[in-house]
file final38.tsv (TSV, C-alpha atoms)
chain	number	residue	atom	x	y	z
A	205	MET	CA	133.87	85.59	138.94
A	206	ASN	CA	136.41	82.83	138.32
A	207	PHE	CA	139.19	85.23	137.33
A	208	LEU	CA	140.58	88.50	138.63
A	209	PRO	CA	140.26	91.25	136.02
A	210	ASN	CA	142.92	93.87	135.58
A	211	TYR	CA	140.54	96.79	135.16
A	212	ILE	CA	137.70	98.57	136.93
A	213	SER	CA	134.28	98.02	135.40
A	214	VAL	CA	131.91	100.98	135.24
A	215	GLY	CA	128.32	100.21	134.30
A	216	VAL	CA	126.09	103.02	133.06
A	217	ASP	CA	122.34	102.81	132.65
A	218	VAL	CA	121.48	105.66	130.28
A	219	ALA	CA	118.21	107.59	130.13
A	220	SER	CA	117.33	110.69	128.12
A	221	SER	CA	118.29	113.33	130.70
A	222	PHE	CA	120.30	111.38	133.29
A	223	SER	CA	122.32	108.22	133.82
A	224	TRP	CA	123.11	105.93	136.73
A	225	PHE	CA	126.77	104.97	137.26
A	226	CYS	CA	128.03	101.95	139.14
A	227	ILE	CA	131.78	101.43	139.71
A	228	LEU	CA	132.81	97.84	140.49
A	229	THR	CA	136.27	96.89	141.71
A	230	PRO	CA	137.97	93.76	140.35
A	231	ASP	CA	136.79	91.75	143.38
A	232	GLY	CA	133.16	92.50	142.44
A	233	LYS	CA	132.48	95.12	145.12
A	234	GLU	CA	131.05	98.58	144.63
A	235	PHE	CA	133.62	101.33	144.92
A	236	ARG	CA	130.74	103.47	146.11
A	237	LYS	CA	126.98	103.18	145.83
A	238	SER	CA	125.50	103.72	142.41
A	239	PHE	CA	125.02	107.40	141.75
A	240	LYS	CA	122.94	109.52	139.43
A	241	VAL	CA	124.48	111.88	136.87
A	242	MET	CA	122.47	114.65	135.22
A	243	HIS	CA	123.35	115.19	131.55
A	244	ASP	CA	122.62	118.91	131.64
A	245	SER	CA	124.85	119.55	134.64
A	246	ALA	CA	128.56	120.12	134.03
A	247	ASP	CA	129.28	119.66	137.75
A	248	SER	CA	127.42	116.34	137.85
A	249	LEU	CA	129.38	115.02	134.87
A	250	LYS	CA	132.64	116.32	136.32
A	251	ASN	CA	132.01	114.60	139.67
A	252	ALA	CA	131.33	111.30	137.88
A	253	VAL	CA	134.65	111.56	136.04
A	254	LEU	CA	136.51	112.44	139.25
A	255	THR	CA	134.96	109.45	141.04
A	256	ILE	CA	136.06	107.08	138.28
A	257	LYS	CA	139.59	108.50	138.29
A	258	LYS	CA	139.72	108.21	142.07
A	259	ALA	CA	138.92	104.51	141.78
A	260	GLU	CA	141.61	104.12	139.12
A	261	GLU	CA	144.21	105.77	141.40
A	262	GLN	CA	143.24	103.72	144.45
A	263	TYR	CA	143.50	100.40	142.61
A	264	SER	CA	146.23	101.45	140.15
A	265	MET	CA	144.11	100.23	137.27
A	266	LYS	CA	142.46	101.72	134.25
A	267	SER	CA	138.71	101.59	133.96
A	268	LYS	CA	136.43	100.33	131.23
A	269	ILE	CA	133.05	101.97	130.92
A	270	PHE	CA	130.09	100.01	129.56
A	271	LEU	CA	126.93	101.71	128.28
A	272	GLU	CA	123.74	99.98	127.27
A	273	SER	CA	122.61	101.07	123.82
A	274	THR	CA	119.47	103.17	124.26
A	275	GLY	CA	118.44	104.47	120.86
A	276	ILE	CA	120.20	107.82	120.51
A	277	TYR	CA	120.55	108.87	124.14
A	278	HIS	CA	123.83	107.07	124.83
A	279	PHE	CA	125.74	108.77	121.99
A	280	PRO	CA	126.45	112.12	123.71
A	281	LEU	CA	127.67	110.39	126.87
A	282	PHE	CA	129.77	107.95	124.85
A	283	CYS	CA	131.44	110.81	122.97
A	284	HIS	CA	131.97	112.84	126.15
A	285	LEU	CA	133.66	110.00	128.03
A	286	ASN	CA	135.63	108.91	124.98
A	287	GLU	CA	137.00	112.43	124.47
A	288	LEU	CA	138.17	112.41	128.10
A	289	GLY	CA	140.36	109.39	127.35
A	290	PHE	CA	138.27	106.58	128.85
A	291	GLU	CA	137.77	103.21	127.20
A	292	VAL	CA	134.04	103.19	126.47
A	293	PHE	CA	132.02	100.28	125.11
A	294	VAL	CA	128.41	99.93	124.01
A	295	ILE	CA	126.40	96.79	124.84
A	296	ASN	CA	123.39	95.60	122.90
A	297	PRO	CA	120.22	95.60	125.10
A	298	LEU	CA	119.54	92.00	124.03
A	299	ILE	CA	122.72	90.97	125.84
A	300	THR	CA	121.91	92.87	129.02
A	301	ASN	CA	118.34	91.57	129.05
A	302	SER	CA	119.53	87.98	128.74
A	303	ASN	CA	121.85	88.43	131.73
A	304	LYS	CA	119.50	89.85	134.34
A	305	ASN	CA	120.35	87.19	136.90
A	306	ILE	CA	124.13	87.51	137.05
A	307	GLY	CA	125.25	88.11	140.59
A	308	ILE	CA	122.52	90.42	141.85
A	309	ARG	CA	118.91	89.97	142.85
A	310	LYS	CA	116.18	90.46	140.29
A	311	VAL	CA	115.20	94.07	140.85
A	312	LYS	CA	114.11	96.38	138.08
A	313	ASN	CA	115.32	99.94	138.59
A	314	ASP	CA	118.02	102.16	137.16
A	315	ARG	CA	120.38	101.78	140.12
A	316	TYR	CA	120.48	97.99	139.89
A	317	ASP	CA	120.54	98.07	136.10
A	318	ALA	CA	123.78	100.06	136.27
A	319	LYS	CA	125.21	97.48	138.66
A	320	ARG	CA	124.12	94.64	136.39
A	321	ILE	CA	125.84	96.30	133.42
A	322	ALA	CA	129.02	96.73	135.48
A	323	TYR	CA	128.99	93.02	136.38
A	324	LEU	CA	128.47	92.22	132.72
A	325	GLY	CA	131.58	94.26	131.92
A	326	TYR	CA	133.66	91.58	133.67
A	327	SER	CA	132.35	88.78	131.40
A	328	PRO	CA	135.36	87.41	129.49
A	329	ASP	CA	133.35	86.70	126.32
A	330	LEU	CA	131.32	89.90	126.32
A	331	LYS	CA	130.56	91.13	122.81
A	332	VAL	CA	130.33	94.90	122.45
A	333	SER	CA	128.88	96.92	119.60
A	334	VAL	CA	131.12	98.83	117.23
A	335	MET	CA	130.52	102.56	117.48
A	336	PRO	CA	129.58	103.85	113.99
A	337	THR	CA	131.51	106.63	112.33
A	338	ASP	CA	130.16	110.17	112.03
A	339	LEU	CA	129.26	109.45	108.40
A	340	ILE	CA	127.10	106.49	109.41
A	341	MET	CA	125.54	108.48	112.25
A	342	ASN	CA	124.67	111.30	109.86
A	343	LEU	CA	123.10	108.85	107.42
A	344	ARG	CA	121.11	107.22	110.21
A	345	CYS	CA	119.81	110.57	111.39
A	346	LEU	CA	118.83	111.64	107.87
A	347	CYS	CA	117.24	108.29	107.02
A	348	ARG	CA	115.27	108.31	110.27
A	349	GLU	CA	113.92	111.76	109.42
A	350	TYR	CA	113.26	110.72	105.82
A	351	TYR	CA	111.00	107.84	106.88
A	352	SER	CA	109.27	110.08	109.42
A	353	LEU	CA	108.50	112.62	106.68
A	354	ILE	CA	107.30	109.86	104.35
A	355	ASP	CA	104.92	108.53	107.03
A	356	ASN	CA	103.53	112.00	107.73
A	357	ARG	CA	103.10	112.67	104.02
A	358	SER	CA	101.24	109.37	103.62
A	359	ALA	CA	98.87	110.38	106.40
A	360	TYR	CA	98.00	113.63	104.62
A	361	LEU	CA	97.73	111.81	101.29
A	362	ASN	CA	95.10	109.48	102.76
A	363	LYS	CA	93.24	112.48	104.18
A	364	LEU	CA	93.35	114.19	100.77
A	365	LYS	CA	91.87	111.12	99.07
A	366	SER	CA	89.13	110.90	101.68
A	367	GLN	CA	88.14	114.54	101.20
A	368	LEU	CA	88.16	114.18	97.39
A	369	SER	CA	85.82	111.19	97.63
A	370	ILE	CA	83.29	113.50	99.32
A	371	VAL	CA	83.27	116.50	96.96
A	372	PHE	CA	84.86	115.11	93.76
A	373	PRO	CA	84.36	111.29	93.73
A	374	GLY	CA	85.71	110.60	90.23
A	375	PHE	CA	88.88	112.67	90.41
A	376	SER	CA	91.15	109.85	91.61
A	377	LYS	CA	90.09	107.74	88.60
A	378	VAL	CA	91.32	110.44	86.24
A	379	PHE	CA	94.60	110.91	88.11
A	380	SER	CA	95.59	107.75	89.98
A	381	ASN	CA	98.48	109.66	91.58
A	382	VAL	CA	96.55	112.51	93.18
A	383	THR	CA	99.79	114.14	94.34
A	384	GLY	CA	101.44	114.07	90.92
A	385	ALA	CA	102.44	117.34	89.30
A	386	THR	CA	99.43	117.47	86.98
A	387	SER	CA	96.92	116.50	89.65
A	388	ILE	CA	98.22	119.10	92.12
A	389	ALA	CA	98.25	121.78	89.41
A	390	ILE	CA	94.59	121.06	88.56
A	391	LEU	CA	93.45	120.96	92.20
A	392	THR	CA	95.33	124.16	92.98
A	393	ARG	CA	93.96	126.17	90.04
A	394	PHE	CA	90.55	124.52	89.58
A	395	SER	CA	89.68	123.22	93.04
A	396	THR	CA	85.97	122.43	92.41
A	397	PRO	CA	84.07	120.52	89.70
A	398	GLU	CA	82.29	123.77	88.81
A	399	ALA	CA	85.61	125.53	88.26
A	400	ILE	CA	86.70	122.83	85.80
A	401	LEU	CA	83.39	122.90	83.88
A	402	ASN	CA	83.38	126.72	83.65
A	403	ALA	CA	87.03	127.09	82.69
A	404	GLU	CA	88.16	127.78	79.13
A	405	PRO	CA	89.15	124.40	77.59
A	406	ASN	CA	92.51	125.73	76.42
A	407	GLN	CA	93.40	126.79	79.96
A	408	VAL	CA	92.93	123.27	81.29
A	409	LEU	CA	94.49	121.62	78.22
A	410	ASP	CA	97.60	123.80	78.37
A	411	LEU	CA	97.98	123.17	82.09
A	412	ILE	CA	97.76	119.39	81.65
A	413	ALA	CA	100.15	119.39	78.68
A	414	LEU	CA	102.68	121.60	80.45
A	415	THR	CA	102.77	119.74	83.79
A	416	SER	CA	102.55	116.22	82.38
A	417	ARG	CA	105.03	116.81	79.49
A	418	LYS	CA	103.16	114.18	77.49
A	419	GLY	CA	101.83	116.28	74.65
A	420	LEU	CA	98.46	117.58	73.50
A	421	ARG	CA	96.94	114.19	72.68
A	422	TYR	CA	97.44	113.01	76.27
A	423	ALA	CA	96.10	116.35	77.55
A	424	LYS	CA	92.91	116.02	75.46
A	425	THR	CA	92.29	112.50	76.73
A	426	LYS	CA	92.72	113.55	80.34
A	427	TYR	CA	90.61	116.66	79.79
A	428	GLU	CA	87.66	114.62	78.50
A	429	LEU	CA	87.91	112.27	81.47
A	430	LEU	CA	88.15	115.23	83.84
A	431	LEU	CA	85.06	116.90	82.33
A	432	ASN	CA	83.09	113.68	82.66
A	433	ALA	CA	84.16	113.24	86.29
A	434	ALA	CA	83.27	116.86	87.10
A	435	SER	CA	79.81	116.50	85.51
A	436	ASN	CA	79.14	113.30	87.47
A	437	ALA	CA	80.30	114.99	90.69
A	438	LEU	CA	77.48	117.53	90.38
A	439	ASN	CA	74.99	114.66	90.67
A	440	PHE	CA	76.68	112.65	93.41
A	441	ARG	CA	78.68	114.40	96.14
A	442	TYR	CA	78.32	116.10	99.50
A	443	ASN	CA	79.15	119.69	98.60
A	444	LEU	CA	80.63	121.17	101.77
A	445	SER	CA	82.57	124.41	101.35
A	446	SER	CA	84.75	123.53	104.36
A	447	VAL	CA	86.01	120.43	102.57
A	448	TYR	CA	87.58	122.57	99.85
A	449	ASP	CA	89.36	124.61	102.52
A	450	VAL	CA	90.67	121.39	104.05
A	451	LEU	CA	91.75	120.18	100.61
A	452	ASP	CA	93.87	123.31	100.17
A	453	LEU	CA	95.50	122.72	103.56
A	454	HIS	CA	96.28	119.09	102.77
A	455	LEU	CA	97.73	120.02	99.39
A	456	HIS	CA	99.90	122.67	101.05
A	457	PHE	CA	101.21	120.23	103.66
A	458	ILE	CA	101.95	117.55	101.05
A	459	GLN	CA	103.88	120.04	98.92
A	460	GLN	CA	105.89	121.15	101.93
A	461	TYR	CA	106.67	117.54	102.84
A	462	ASP	CA	107.79	116.92	99.24
A	463	LYS	CA	110.24	119.83	99.48
A	464	LYS	CA	111.67	118.58	102.78
A	465	ILE	CA	111.91	115.01	101.49
A	466	GLU	CA	113.79	116.24	98.42
A	467	LEU	CA	116.14	118.19	100.68
A	468	ILE	CA	116.80	115.12	102.84
A	469	LEU	CA	117.50	112.98	99.77
A	470	SER	CA	119.96	115.54	98.44
A	471	LYS	CA	121.84	115.48	101.74
A	472	ILE	CA	121.87	111.68	101.94
A	473	SER	CA	123.45	111.51	98.42
A	474	MET	CA	123.64	107.72	98.37
A	475	SER	CA	126.58	106.14	96.55
A	476	LYS	CA	126.61	102.81	94.74
A	477	ARG	CA	130.35	102.35	94.94
A	478	GLY	CA	131.46	98.76	95.30
A	479	SER	CA	131.18	95.54	93.36
A	480	ARG	CA	128.09	95.26	91.16
A	481	ILE	CA	128.66	91.51	90.99
A	482	ALA	CA	128.68	91.24	94.79
A	483	ARG	CA	125.40	93.17	94.97
A	484	ARG	CA	123.83	90.91	92.36
A	485	VAL	CA	125.00	87.82	94.24
A	486	LEU	CA	123.59	89.13	97.52
A	487	TYR	CA	120.32	89.96	95.78
A	488	ALA	CA	120.06	86.48	94.26
A	489	VAL	CA	120.86	84.79	97.58
A	490	ALA	CA	118.33	86.99	99.38
A	491	LEU	CA	115.61	86.08	96.87
A	492	ALA	CA	116.38	82.39	97.28
A	493	SER	CA	116.42	82.66	101.07
A	494	VAL	CA	112.89	84.03	101.35
A	495	ARG	CA	111.29	81.57	98.94
A	496	VAL	CA	109.21	78.55	99.94
A	497	LYS	CA	109.24	75.04	98.52
A	498	ARG	CA	106.31	73.45	96.71
A	499	ASN	CA	105.11	71.94	99.97
A	500	GLY	CA	105.04	75.39	101.58
A	501	ASP	CA	108.16	74.95	103.74
A	502	ALA	CA	110.58	77.87	103.76
A	503	ILE	CA	114.01	77.29	102.25
A	504	ASN	CA	115.54	79.30	105.11
A	505	PRO	CA	112.95	79.45	107.93
A	506	VAL	CA	114.87	82.06	109.94
A	507	LEU	CA	115.35	84.55	107.11
A	508	HIS	CA	111.87	83.85	105.74
A	509	ALA	CA	110.30	84.66	109.12
A	510	TYR	CA	112.42	87.82	109.40
A	511	TYR	CA	111.38	88.86	105.88
A	512	GLN	CA	107.67	88.36	106.62
A	513	LYS	CA	107.97	90.38	109.82
A	514	LYS	CA	109.78	93.21	108.01
A	515	LYS	CA	107.08	93.35	105.33
A	516	GLU	CA	104.50	94.20	107.99
A	517	SER	CA	105.97	97.71	108.27
A	518	LYS	CA	108.20	98.05	105.19
A	519	ALA	CA	107.86	97.74	101.44
A	520	PRO	CA	108.89	94.31	100.02
A	521	LYS	CA	112.04	95.70	98.38
A	522	VAL	CA	113.08	97.41	101.60
A	523	ALA	CA	112.50	94.15	103.49
A	524	LEU	CA	114.62	92.32	100.89
A	525	GLY	CA	117.38	94.87	101.45
A	526	ALA	CA	117.29	93.96	105.15
A	527	ILE	CA	117.72	90.30	104.17
A	528	MET	CA	120.75	91.22	102.06
A	529	HIS	CA	122.20	93.01	105.10
A	530	LYS	CA	121.61	89.91	107.25
A	531	ILE	CA	123.32	87.70	104.69
A	532	SER	CA	126.32	90.06	104.62
A	533	ASN	CA	126.62	89.70	108.40
A	534	ILE	CA	126.38	85.92	108.15
A	535	ILE	CA	129.12	85.80	105.49
A	536	PHE	CA	131.33	88.05	107.61
A	537	ALA	CA	130.81	85.84	110.70
A	538	VAL	CA	131.65	82.66	108.76
A	539	LEU	CA	134.85	84.19	107.38
A	540	ARG	CA	135.81	85.69	110.75
A	541	ASP	CA	135.27	82.52	112.81
A	542	GLN	CA	136.38	80.11	110.07
A	543	LYS	CA	133.41	77.83	110.80
A	544	HIS	CA	130.76	76.20	108.66
A	545	PHE	CA	127.41	77.95	108.54
A	546	GLU	CA	124.84	76.55	110.94
A	547	LEU	CA	121.22	77.67	110.80
A	548	LYS	CA	120.08	78.87	114.22
A	549	THR	CA	117.00	80.74	115.37
A	550	PRO	CA	117.34	83.94	117.45
A	551	GLU	CA	116.11	81.97	120.45
A	552	GLN	CA	118.89	79.39	119.98
A	553	HIS	CA	121.49	82.17	119.75
A	554	LYS	CA	120.17	83.67	122.98
A	555	LYS	CA	120.25	80.34	124.85
A	556	GLN	CA	123.77	79.64	123.59
A	557	TYR	CA	124.99	83.03	124.80
A	558	GLN	CA	123.32	82.56	128.19
A	559	LYS	CA	124.98	79.16	128.52
A	560	LEU	CA	128.43	80.56	127.74
A	561	THR	CA	127.93	83.46	130.14
A	562	ASN	CA	126.77	81.24	133.00
A	563	ALA	CA	129.70	78.89	132.41
A	564	ALA	CA	132.10	81.82	132.69
call {"tool": "encode", "arguments": {"input": "final38.tsv", "output": "structure tokens"}}
result
Amino acid sequence: MNFLPNYISVGVDVASSFSWFCILTPDGKEFRKSFKVMHDSADSLKNAVLTIKKAEEQYSMKSKIFLESTGIYHFPLFCHLNELGFEVFVINPLITNSNKNIGIRKVKNDRYDAKRIAYLGYSPDLKVSVMPTDLIMNLRCLCREYYSLIDNRSAYLNKLKSQLSIVFPGFSKVFSNVTGATSIAILTRFSTPEAILNAEPNQVLDLIALTSRKGLRYAKTKYELLLNAASNALNFRYNLSSVYDVLDLHLHFIQQYDKKIELILSKISMSKRGSRIARRVLYAVALASVRVKRNGDAINPVLHAYYQKKKESKAPKVALGAIMHKISNIIFAVLRDQKHFELKTPEQHKKQYQKLTNAA
């Protein structure tokens, strides 16, 4: 290090049930060897705090503690240390991964990772992540669970469609949304083609009209289609009684997921406060950024590539929302640094950061 810091750097490599601590003095030496702290042990956490305070007393300096962001596992430790009055910072893993060769040999284990993070804490241009508020953390938790429930529901929906194709092939042509209110009501009350054919017409008609809320004319049209599909199913299907049992299970699980998803959405209670004009501008810029020219070249290659990658796992509108978020960050950076926008790939950003770090 080309300068003498005025604080003690504490690097913490966080795992799910334990963390490794490394305390570095301003001259770059270990106050003591890296040590392991168990998260479920009050004594272990207390000893870590006492060791840090002992280093502060010996060198008459305050400490700064640096944690690598590890999904959700670093949050409890961050809050615990912050409540005790320490200055705690979170580092993006991309930064720590790009600085694996600063000052210590290339060894991959938790002990040396903690030491590497502590060394990184002395970098003068180190960028740390802003710790989100409790509101943001709650929204993240709920949104994470929402998407998990949606994925699980989709899995059961696909299973339901597969089972229907075996015992009732034409049903999905009558009701394209097999988990809609009308479809579920029919499958719950009349689970087999025979049950539909033998039922009183008014029973089926009233059920369709009531659940669809589209009137008797719509109900009659759907009823005729349903009768035709049920008649055809008698001629072409693999009539396994176990499949109907599985259908009931899948319907039950889907209905339970729907209830939980509705509960999550009610708790998220998203607000659209803010400038409608700003949202429209961001939306228009995002649309323009992911377009391609007539020759096939992307207008913004970086955002276009990011958009295509997002679409592999997300719906197009969700991916476009991610582009809007990226553009907001770019606008903020331009205003903060008072510099003209310069298009750079993630690899160029990484090389630039490595160059600045090595120069320091």
call {"tool": "atom_distance", "arguments": {"input": "final38.tsv", "atom1": "atom CA of Ile212 of chain A", "atom2": "atom CA of Ser267 of chain A"}}
result
4.4 Å
call {"tool": "residues_around", "arguments": {"input": "final38.tsv", "residues": "Asp314 of chain A", "least_positions_apart": "6", "cutoff": "10 Å", "atoms": "all atoms listed in the file", "output": "ChimeraX atom specification"}}
result
/A:216-219,223-225,238-240,320
call {"tool": "closest_atom_pairs", "arguments": {"input": "final38.tsv", "of": "segment 271-296 of chain A", "to": "segment 256-265 of chain A", "cutoff": "12 Å", "atoms": "all atoms listed in the file", "output": "Markdown table"}}
result
| residue | atom | partner | partner_atom | distance |
| --- | --- | --- | --- | --- |
| A:Leu285 | CA | A:Ile256 | CA | 10.9 |
| A:Leu288 | CA | A:Lys257 | CA | 11.0 |
| A:Gly289 | CA | A:Lys257 | CA | 11.0 |
| A:Phe290 | CA | A:Ile256 | CA | 9.7 |
| A:Glu291 | CA | A:Ile256 | CA | 11.9 |
call {"tool": "closest_residue", "arguments": {"input": "final38.tsv", "among": "A:Ile503, A:Gln367, A:Cys345, A:Asp247", "to": "Leu444 of chain A", "atoms": "all atoms listed in the file"}}
result
A:Gln367
call {"tool": "residues_around", "arguments": {"input": "final38.tsv", "residues": "Ile468 of chain A", "least_positions_apart": "5", "cutoff": "9 Å", "atoms": "all atoms listed in the file", "output": "list in words"}}
result
Leu346, Cys347, Glu349, Tyr350, Lys463 and Ser473 of chain A
call {"tool": "residues_around", "arguments": {"input": "final38.tsv", "residues": "segment 430-432 of chain A", "least_positions_apart": "4", "cutoff": "8 Å", "atoms": "all atoms listed in the file", "output": "ChimeraX atom specification"}}
result
/A:375,378,400-401,426,436
call {"tool": "atom_distance", "arguments": {"input": "final38.tsv", "atom1": "atom CA of Thr549 of chain A", "atom2": "atom CA of Tyr510 of chain A"}}
result
10.3 Å
call {"tool": "residues_around", "arguments": {"input": "final38.tsv", "residues": "Lys464 of chain A", "least_positions_apart": "6", "cutoff": "12 Å", "atoms": "only C-alpha atoms", "output": "ChimeraX atom specification"}}
result
/A:346,349-354,356-357,457-458,470-471
call {"tool": "residues_near_point", "arguments": {"input": "final38.tsv", "point": "(85.8, 114.7, 86.4)", "cutoff": "12 Å", "atoms": "only C-alpha atoms", "output": "ChimeraX atom specification"}}
result
/A:368-369,371-379,387,390-391,394-401,425-440
call {"tool": "residues_around", "arguments": {"input": "final38.tsv", "residues": "Leu560 of chain A", "least_positions_apart": "2", "cutoff": "10 Å", "atoms": "only C-alpha atoms", "output": "NGL selection string"}}
result
:A and (327-330 or 555-558 or 562-564)
call {"tool": "residues_near_point", "arguments": {"input": "final38.tsv", "point": "(95.3, 123.3, 79.2)", "cutoff": "10 Å", "atoms": "only C-alpha atoms", "output": "MDAnalysis selection string"}}
result
chainID A and resid 390 403:415 420 423:424 427
call {"tool": "closest_residue", "arguments": {"input": "final38.tsv", "among": "A:Phe293, A:Tyr360, A:Tyr422, A:Tyr442", "to": "Asp462 of chain A", "atoms": "all atoms listed in the file"}}
result
A:Tyr360
call {"tool": "atom_distance", "arguments": {"input": "final38.tsv", "atom1": "atom CA of Leu324 of chain A", "atom2": "atom CA of Thr274 of chain A"}}
result
16.5 Å
call {"tool": "axis_aligned_box", "arguments": {"input": "final38.tsv", "around": "segment 324-340 of chain A", "padding_each_side": "3 Å", "output": "JSON"}}
result
{"center_x": 131.2, "center_y": 98.4, "center_z": 121.0, "size_x": 14.3, "size_y": 29.5, "size_z": 31.3}
call {"tool": "closest_residue", "arguments": {"input": "final38.tsv", "among": "A:Asp541, A:Glu272, A:Glu466, A:Glu287", "to": "Asp317 of chain A", "atoms": "all atoms listed in the file"}}
result
A:Glu272
call {"tool": "closest_residue", "arguments": {"input": "final38.tsv", "among": "A:His544, A:Lys554, A:Lys521, A:Lys331", "to": "Ile295 of chain A", "atoms": "all atoms listed in the file"}}
result
A:Lys331
call {"tool": "build_atoms", "arguments": {"input": "final38.tsv", "residues": "segment 236-249 of chain A", "atoms": "N, CA and C atoms", "output": "CSV table (one decimal), in the frame of the given file"}}
result
chain,number,residue,atom,x,y,z
A,236,ARG,N,131.7,102.7,145.3
A,236,ARG,CA,130.7,103.5,146.1
A,236,ARG,C,129.4,103.1,145.6
A,237,LYS,N,128.3,103.5,146.3
A,237,LYS,CA,127.0,103.2,145.8
A,237,LYS,C,126.7,103.8,144.5
A,238,SER,N,125.9,103.2,143.7
A,238,SER,CA,125.5,103.7,142.4
A,238,SER,C,125.0,105.1,142.6
A,239,PHE,N,125.4,106.0,141.6
A,239,PHE,CA,125.0,107.4,141.8
A,239,PHE,C,124.5,107.9,140.4
A,240,LYS,N,123.6,108.9,140.6
A,240,LYS,CA,122.9,109.5,139.4
A,240,LYS,C,123.7,110.7,138.9
A,241,VAL,N,123.8,110.8,137.6
A,241,VAL,CA,124.5,111.9,136.9
A,241,VAL,C,123.5,112.6,135.9
A,242,MET,N,123.4,113.9,136.1
A,242,MET,CA,122.5,114.6,135.2
A,242,MET,C,123.2,115.1,134.0
A,243,HIS,N,122.7,114.9,132.8
A,243,HIS,CA,123.4,115.2,131.6
A,243,HIS,C,123.5,116.7,131.3
A,244,ASP,N,122.6,117.5,131.9
A,244,ASP,CA,122.6,118.9,131.6
A,244,ASP,C,123.4,119.7,132.7
A,245,SER,N,124.1,118.9,133.6
A,245,SER,CA,124.8,119.6,134.6
A,245,SER,C,126.3,119.3,134.5
A,246,ALA,N,127.1,120.3,134.2
A,246,ALA,CA,128.6,120.1,134.0
A,246,ALA,C,129.2,119.6,135.3
A,247,ASP,N,128.7,120.1,136.5
A,247,ASP,CA,129.3,119.7,137.8
A,247,ASP,C,129.0,118.2,138.0
A,248,SER,N,127.8,117.7,137.6
A,248,SER,CA,127.4,116.3,137.8
A,248,SER,C,128.3,115.4,137.0
A,249,LEU,N,128.5,115.8,135.7
A,249,LEU,CA,129.4,115.0,134.9
A,249,LEU,C,130.8,115.0,135.4
